[in-house]
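Worksheet: the structure to be examined is printed underneath.
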Amino acid sequence: MRCCTCQRYGHGKDRCKKPAAVCVRCGKGGHVERDCSADPHCVNCLGDHTASSNMCPKFLEKQAILRYRIGVPS
Ligand SMILES: [Zn+2]
Ligand SMILES: [Zn+2]
Ligand SMILES: [Zn+2]
């Protein structure tokens, strides 16, 4: 799961300590992705993609953990 407030993985917005939402694209507050003209900056791995990218190594890591927990046969 990805928090829709701070864009990080591992908790939902109800458990988020961030007082205000940050931009999915650049990870900064005060605007939304639609109004963002900054270069993509992932808050999870600090890479040059958006926090919602499914190419994010942190996202793939979480996916792998989830798959392991559910116990999908390989
Ligand atoms: Zn959060
Ligand atoms: Zn932004
Ligand atoms: Zn990333």
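Chain identifiers are assigned as A, B, and so on, following the order in which chains appear in the structure tokens; residues are numbered from 1 within each chain, and ligands are numbered from 1 in order of appearance.
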Next on the checklist: Please list as a ChimeraX atom specification every residue within 10 Å of Gln63 in chain A, counting only C-alpha atoms and excluding residues in the same chain fewer than 5 positions away.
Outcome noted: /A:1,54,57-58,68-69
Those same residues - N, CA and C atoms - I'd like them written as a compact mmCIF listing (two decimals), in the first residue's frame.
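The result, stored in result-v9.txt:
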```txt
# COMPACT_ATOMS: atom_id res chain seq x y z
N MET A 1 0.84 -1.21 0.00
CA MET A 1 0.00 0.00 0.00
C MET A 1 0.87 1.25 0.00
N ASN A 54 5.65 2.19 -11.04
CA ASN A 54 5.81 0.77 -10.72
C ASN A 54 7.18 0.26 -11.15
N PRO A 57 12.27 0.72 -7.34
CA PRO A 57 12.80 -0.46 -6.64
C PRO A 57 12.14 -0.70 -5.29
N LYS A 58 11.74 0.36 -4.62
CA LYS A 58 11.05 0.21 -3.34
C LYS A 58 9.67 -0.42 -3.52
N TYR A 68 5.45 -12.90 -1.07
CA TYR A 68 6.02 -13.88 -0.16
C TYR A 68 5.06 -14.18 0.98
N ARG A 69 4.45 -13.14 1.53
CA ARG A 69 3.50 -13.30 2.65
C ARG A 69 2.28 -14.10 2.25
```
Checklist entry - Quick one: residues within 10 Å of ligand 1, with only C-alpha atoms and all ligand atoms, as a list of chain:residue names? => result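 Within the 10 Å cut-off, the matching residues are A:Arg2, A:Cys3, A:Cys4, A:Thr5, A:Cys6, A:Gln7, A:Arg8, A:Tyr9, A:Gly10, A:His11, A:Gly12, A:Lys13, A:Asp14, A:Arg15, A:Cys16, A:Lys17, A:Lys18, A:Pro19, A:Ala20, A:Ala21, A:Val22.
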Next on the checklist: How would you report the residues lying within 9 Å of ligand 3, as a PyMOL selection string, if you count only C-alpha atoms and all ligand atoms?
Outcome noted: chain A and resi 41-59
Checklist entry - Which residue gives the smallest distance to ligand 2 among A:Ile70, A:Val24, A:Leu60, A:Ile65, with only C-alpha atoms and all ligand atoms counted? => result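 The answer is A:Val24, which sits nearest to ligand 2.
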Using only C-alpha atoms and all ligand atoms, find each residue of chain A with at least one atom at most 10 Å away from an atom of ligand 2; report its shortest atom-to-atom pair and that distance in Å (one decimal), sort the rows by chain and rising residue number, and return the result as JSON lines.
```
{"residue": "A:Val22", "atom": "CA", "partner": "ligand 2", "partner_atom_place_in_ligand_line": "1 (Zn)", "distance": 7.5}
{"residue": "A:Cys23", "atom": "CA", "partner": "ligand 2", "partner_atom_place_in_ligand_line": "1 (Zn)", "distance": 4.5}
{"residue": "A:Val24", "atom": "CA", "partner": "ligand 2", "partner_atom_place_in_ligand_line": "1 (Zn)", "distance": 6.5}
{"residue": "A:Arg25", "atom": "CA", "partner": "ligand 2", "partner_atom_place_in_ligand_line": "1 (Zn)", "distance": 4.9}
{"residue": "A:Cys26", "atom": "CA", "partner": "ligand 2", "partner_atom_place_in_ligand_line": "1 (Zn)", "distance": 4.1}
{"residue": "A:Gly27", "atom": "CA", "partner": "ligand 2", "partner_atom_place_in_ligand_line": "1 (Zn)", "distance": 6.0}
{"residue": "A:Lys28", "atom": "CA", "partner": "ligand 2", "partner_atom_place_in_ligand_line": "1 (Zn)", "distance": 5.6}
{"residue": "A:Gly29", "atom": "CA", "partner": "ligand 2", "partner_atom_place_in_ligand_line": "1 (Zn)", "distance": 7.2}
{"residue": "A:Gly30", "atom": "CA", "partner": "ligand 2", "partner_atom_place_in_ligand_line": "1 (Zn)", "distance": 8.2}
{"residue": "A:His31", "atom": "CA", "partner": "ligand 2", "partner_atom_place_in_ligand_line": "1 (Zn)", "distance": 6.2}
{"residue": "A:Val32", "atom": "CA", "partner": "ligand 2", "partner_atom_place_in_ligand_line": "1 (Zn)", "distance": 6.1}
{"residue": "A:Glu33", "atom": "CA", "partner": "ligand 2", "partner_atom_place_in_ligand_line": "1 (Zn)", "distance": 5.3}
{"residue": "A:Arg34", "atom": "CA", "partner": "ligand 2", "partner_atom_place_in_ligand_line": "1 (Zn)", "distance": 8.1}
{"residue": "A:Asp35", "atom": "CA", "partner": "ligand 2", "partner_atom_place_in_ligand_line": "1 (Zn)", "distance": 7.1}
{"residue": "A:Cys36", "atom": "CA", "partner": "ligand 2", "partner_atom_place_in_ligand_line": "1 (Zn)", "distance": 4.2}
{"residue": "A:Ser37", "atom": "CA", "partner": "ligand 2", "partner_atom_place_in_ligand_line": "1 (Zn)", "distance": 6.6}
{"residue": "A:Ala38", "atom": "CA", "partner": "ligand 2", "partner_atom_place_in_ligand_line": "1 (Zn)", "distance": 5.8}
{"residue": "A:Asp39", "atom": "CA", "partner": "ligand 2", "partner_atom_place_in_ligand_line": "1 (Zn)", "distance": 8.0}
{"residue": "A:Pro40", "atom": "CA", "partner": "ligand 2", "partner_atom_place_in_ligand_line": "1 (Zn)", "distance": 7.6}
{"residue": "A:His41", "atom": "CA", "partner": "ligand 2", "partner_atom_place_in_ligand_line": "1 (Zn)", "distance": 8.4}
{"residue": "A:Thr50", "atom": "CA", "partner": "ligand 2", "partner_atom_place_in_ligand_line": "1 (Zn)", "distance": 9.3}
```
Checklist entry - Quick one: DSSP strand (DSSP E or B) residues in chain A, as a PyMOL selection string? => result chain A and resi 2+9+22+29
Checklist entry - Taking the backbone alone, and naming residues the way the document does, which bits of range 6-63 of chain A are alpha helix (DSSP H) by DSSP, as a PyMOL selection string? => result chain A and resi 57-63
